[in-house]
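J.: query-v4.cif is the file, holding mmCIF, C-alpha atoms:
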```cif
data_structure
loop_
_atom_site.label_atom_id
_atom_site.label_comp_id
_atom_site.auth_asym_id
_atom_site.auth_seq_id
_atom_site.Cartn_x
_atom_site.Cartn_y
_atom_site.Cartn_z
CA GLY A 1 -3.75 8.40 9.16
CA GLN A 2 -0.16 9.41 8.73
CA TYR A 3 3.24 8.33 9.91
CA HIS A 4 6.78 9.61 10.10
CA TYR A 5 9.46 7.70 8.19
CA LYS A 6 13.23 7.82 8.29
CA TYR A 7 15.47 5.92 5.89
CA GLU A 8 18.97 4.70 6.69
CA SER A 9 20.21 7.41 4.31
CA GLY A 10 18.88 10.03 6.74
CA THR A 11 16.00 11.10 4.52
CA GLU A 12 12.83 11.52 6.55
CA GLY A 13 9.36 12.95 6.30
CA ASP A 14 5.67 12.45 6.94
CA THR A 15 3.26 10.64 4.68
CA PHE A 16 -0.14 8.95 4.72
CA LEU A 17 -0.83 5.32 5.60
CA ILE A 18 -2.97 4.71 2.53
CA GLY A 19 -3.54 7.15 -0.32
CA PHE A 20 -5.94 7.27 -3.23
CA ALA A 21 -5.77 9.37 -6.39
CA ALA A 22 -8.36 9.42 -9.15
CA ARG A 23 -6.29 10.05 -12.26
CA LYS A 24 -7.56 10.52 -15.80
CA ALA A 25 -6.55 7.04 -16.98
CA GLU A 26 -6.73 5.05 -13.74
CA PHE A 27 -7.04 5.00 -9.99
CA ALA A 28 -3.80 4.94 -8.02
CA LEU A 29 -3.69 3.47 -4.54
CA TYR A 30 -0.61 4.18 -2.47
CA LEU A 31 -0.16 1.20 -0.18
CA HIS A 32 3.22 1.79 1.45
CA GLY A 33 2.99 -0.96 4.04
CA ALA A 34 2.05 -3.63 1.50
CA GLY A 35 5.53 -3.29 -0.01
CA TYR A 36 7.47 -4.53 3.01
CA GLU A 37 9.43 -7.74 2.55
CA ASP A 38 7.51 -9.50 5.34
CA THR A 39 4.14 -8.68 3.75
CA ALA A 40 5.20 -9.67 0.22
CA PRO A 41 4.05 -13.33 0.26
CA LYS A 42 0.52 -12.47 1.41
CA ARG A 43 0.36 -9.39 -0.85
CA ASP A 44 1.49 -11.40 -3.89
CA ALA A 45 -1.13 -14.09 -3.20
CA LEU A 46 -3.83 -11.44 -2.92
CA LEU A 47 -2.69 -9.69 -6.12
CA LYS A 48 -3.19 -12.96 -8.02
CA LYS A 49 -6.86 -12.92 -6.93
CA LEU A 50 -7.40 -9.17 -7.40
CA GLY A 51 -8.26 -8.91 -11.09
CA LYS A 52 -7.01 -6.46 -13.72
CA HIS A 53 -4.35 -4.17 -12.25
CA LYS A 54 -0.80 -2.90 -12.60
CA ILE A 55 1.65 -2.64 -9.76
CA GLY A 56 4.39 -0.05 -9.34
CA LYS A 57 7.03 0.37 -6.67
CA GLY A 58 4.58 1.62 -4.07
CA CYS A 59 1.35 1.95 -6.01
CA LEU A 60 -1.43 -0.23 -7.26
CA TYR A 61 -3.13 0.98 -10.45
CA VAL A 62 -6.69 0.04 -11.43
CA LYS A 63 -8.52 1.32 -14.50
CA LYS A 64 -12.03 0.44 -13.28
CA LEU A 65 -13.11 -0.70 -9.85
CA ALA A 66 -15.44 -3.14 -11.60
CA ASP A 67 -12.32 -4.92 -12.93
CA VAL A 68 -11.13 -5.95 -9.47
CA ASP A 69 -12.45 -7.90 -6.53
CA GLN A 70 -13.12 -5.10 -4.05
CA ALA A 71 -12.97 -7.46 -1.06
CA VAL A 72 -9.45 -8.48 -2.10
CA LEU A 73 -8.55 -4.82 -2.63
CA ALA A 74 -9.72 -4.10 0.91
CA GLU A 75 -7.55 -6.98 2.21
CA ILE A 76 -4.49 -5.56 0.45
CA ALA A 77 -5.17 -2.10 1.89
CA GLN A 78 -5.66 -3.57 5.37
CA LEU A 79 -2.42 -5.55 5.04
CA GLY A 80 -0.47 -2.37 4.32
CA PHE A 81 -2.26 -0.39 7.02
CA ASP A 82 -1.61 -3.07 9.65
CA ARG A 83 2.07 -3.36 8.70
CA ILE A 84 2.74 0.39 8.96
CA SER A 85 0.71 0.59 12.18
CA ARG A 86 2.88 -2.12 13.76
CA ASP A 87 6.00 -0.26 12.69
CA VAL A 88 4.74 3.02 14.16
CA LYS A 89 3.74 1.36 17.45
CA SER A 90 7.12 -0.37 17.84
CA LYS A 91 8.97 2.92 17.30
CA ALA A 92 6.77 4.67 19.87
CA LYS A 93 7.84 2.32 22.68
#
```
Show me, as structure tokens, the structure contained in the file I just sent.
T.:
Amino acid sequence: GQYHYKYESGTEGDTFLIGFAARKAEFALYLHGAGYEDTAPKRDALLKKLGKHKIGKGCLYVKKLADVDQAVLAEIAQLGFDRISRDVKSKAK
């Protein structure tokens, strides 16, 4: 899915809820909603259980899927998806 965002600065656009890119050195997962302040405690707890990964500002990087717990990865993705979905629904009202 996708959603429309607008920052306080006035910058706005459309982007995906969850993105995936298979890069040469690693997989990149774009989990926008998992970066919200209110999701941080649960996200951080899940990241501790995930396995070998790197985290960027809005991305999660994994070299091999075998290096991570895929059930935990799915929980992190669901956390971000649910958070953005709530945001979109509240703005639609």
J.: Rounded to one decimal, what separation in Å do you get between atom CA of A:Gly51 and atom CA of A:Ile76?
T.: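 Straight-line distance from atom CA of A:Gly51 to atom CA of A:Ile76 works out to 12.6 Å.
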J.: In terms of the shortest atom-to-atom distance over all atoms listed in the file, which of A:Leu79, A:Ala34, A:Leu29, A:Ala40 is closest to A:Cys59?
T.: A:Leu29
J.: To verify the selection step, state as an MDAnalysis selection string which residues the PyMOL selection byres ((chain A and resi 54) around 12) yields on this input.
T.: chainID A and resid 26:29 47:48 50:53 55:64 67:68
J.: What would the selection look like, as a PyMOL selection string, if the PyMOL selection byres ((chain A and resi 12-22) around 8) were run on the coordinates I just shared?
T.: chain A and resi 1-7+10-11+23-24+26-33+77+80-81+84
J.: Quick one, how far is atom CA of A:Glu8 from atom CA of A:Ser90?
T.: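 Distance reported for this atom pair: 17.0 Å.
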J.: Would you mind reading off the distance between atom CA of A:Ala74 and atom CA of A:Asp87, one decimal, in Å?
T.: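 Separation between atom CA of A:Ala74 and atom CA of A:Asp87: 20.0 Å.
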J.: So, with only C-alpha atoms as the atoms that count, which of A:Val88, A:Ala25, A:Leu73, A:Leu65 lies closest to A:Arg43?
T.: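 When distances to A:Arg43 are compared using only C-alpha atoms, the smallest one comes from A:Leu73.
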J.: When distances are computed from only C-alpha atoms, which of A:Tyr36, A:Ser9, A:Pro41, A:Leu46 shows the smallest separation from A:Ala71?
T.: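 Smallest separation from A:Ala71 among the options: A:Leu46.
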J.: If the box runs along x, y and z of the file and leaves 6 Å on each side of stretch 44-50 of chain A, what are its centre and edge lengths in Å, one decimal, as JSON?
T.:
```
{"center_x": -3.0, "center_y": -11.6, "center_z": -5.5, "size_x": 20.9, "size_y": 16.9, "size_z": 17.1}
```
J.: Give me stretch 46-61 of chain A with N, CA and C atoms filled in, as a CSV table (one decimal), in the coordinates of the input.
T.:
```csv
chain,number,residue,atom,x,y,z
A,46,LEU,N,-2.6,-12.2,-2.7
A,46,LEU,CA,-3.8,-11.4,-2.9
A,46,LEU,C,-3.9,-10.8,-4.3
A,47,LEU,N,-2.7,-10.3,-4.8
A,47,LEU,CA,-2.7,-9.7,-6.1
A,47,LEU,C,-3.1,-10.7,-7.2
A,48,LYS,N,-2.8,-11.9,-7.0
A,48,LYS,CA,-3.2,-13.0,-8.0
A,48,LYS,C,-4.7,-13.1,-8.1
A,49,LYS,N,-5.4,-12.8,-7.0
A,49,LYS,CA,-6.9,-12.9,-6.9
A,49,LYS,C,-7.6,-11.6,-7.2
A,50,LEU,N,-6.8,-10.5,-7.3
A,50,LEU,CA,-7.4,-9.2,-7.4
A,50,LEU,C,-8.2,-8.9,-8.7
A,51,GLY,N,-7.6,-9.3,-9.8
A,51,GLY,CA,-8.3,-8.9,-11.1
A,51,GLY,C,-7.3,-8.0,-11.9
A,52,LYS,N,-7.8,-7.3,-12.8
A,52,LYS,CA,-7.0,-6.5,-13.7
A,52,LYS,C,-6.4,-5.3,-13.0
A,53,HIS,N,-5.1,-5.2,-12.9
A,53,HIS,CA,-4.4,-4.2,-12.2
A,53,HIS,C,-2.9,-4.1,-12.8
A,54,LYS,N,-2.2,-3.0,-12.4
A,54,LYS,CA,-0.8,-2.9,-12.6
A,54,LYS,C,-0.2,-2.5,-11.2
A,55,ILE,N,1.0,-2.9,-11.0
A,55,ILE,CA,1.6,-2.6,-9.8
A,55,ILE,C,2.9,-1.9,-10.0
A,56,GLY,N,3.2,-0.8,-9.3
A,56,GLY,CA,4.4,0.0,-9.3
A,56,GLY,C,5.2,-0.3,-8.1
A,57,LYS,N,6.2,0.5,-7.8
A,57,LYS,CA,7.0,0.4,-6.7
A,57,LYS,C,6.2,0.5,-5.4
A,58,GLY,N,5.4,1.5,-5.3
A,58,GLY,CA,4.6,1.6,-4.1
A,58,GLY,C,3.1,1.9,-4.4
A,59,CYS,N,2.7,1.6,-5.6
A,59,CYS,CA,1.4,2.0,-6.0
A,59,CYS,C,0.7,0.8,-6.7
A,60,LEU,N,-0.6,0.7,-6.6
A,60,LEU,CA,-1.4,-0.2,-7.3
A,60,LEU,C,-2.3,0.6,-8.2
A,61,TYR,N,-2.4,0.2,-9.5
A,61,TYR,CA,-3.1,1.0,-10.4
A,61,TYR,C,-4.3,0.1,-11.0
```
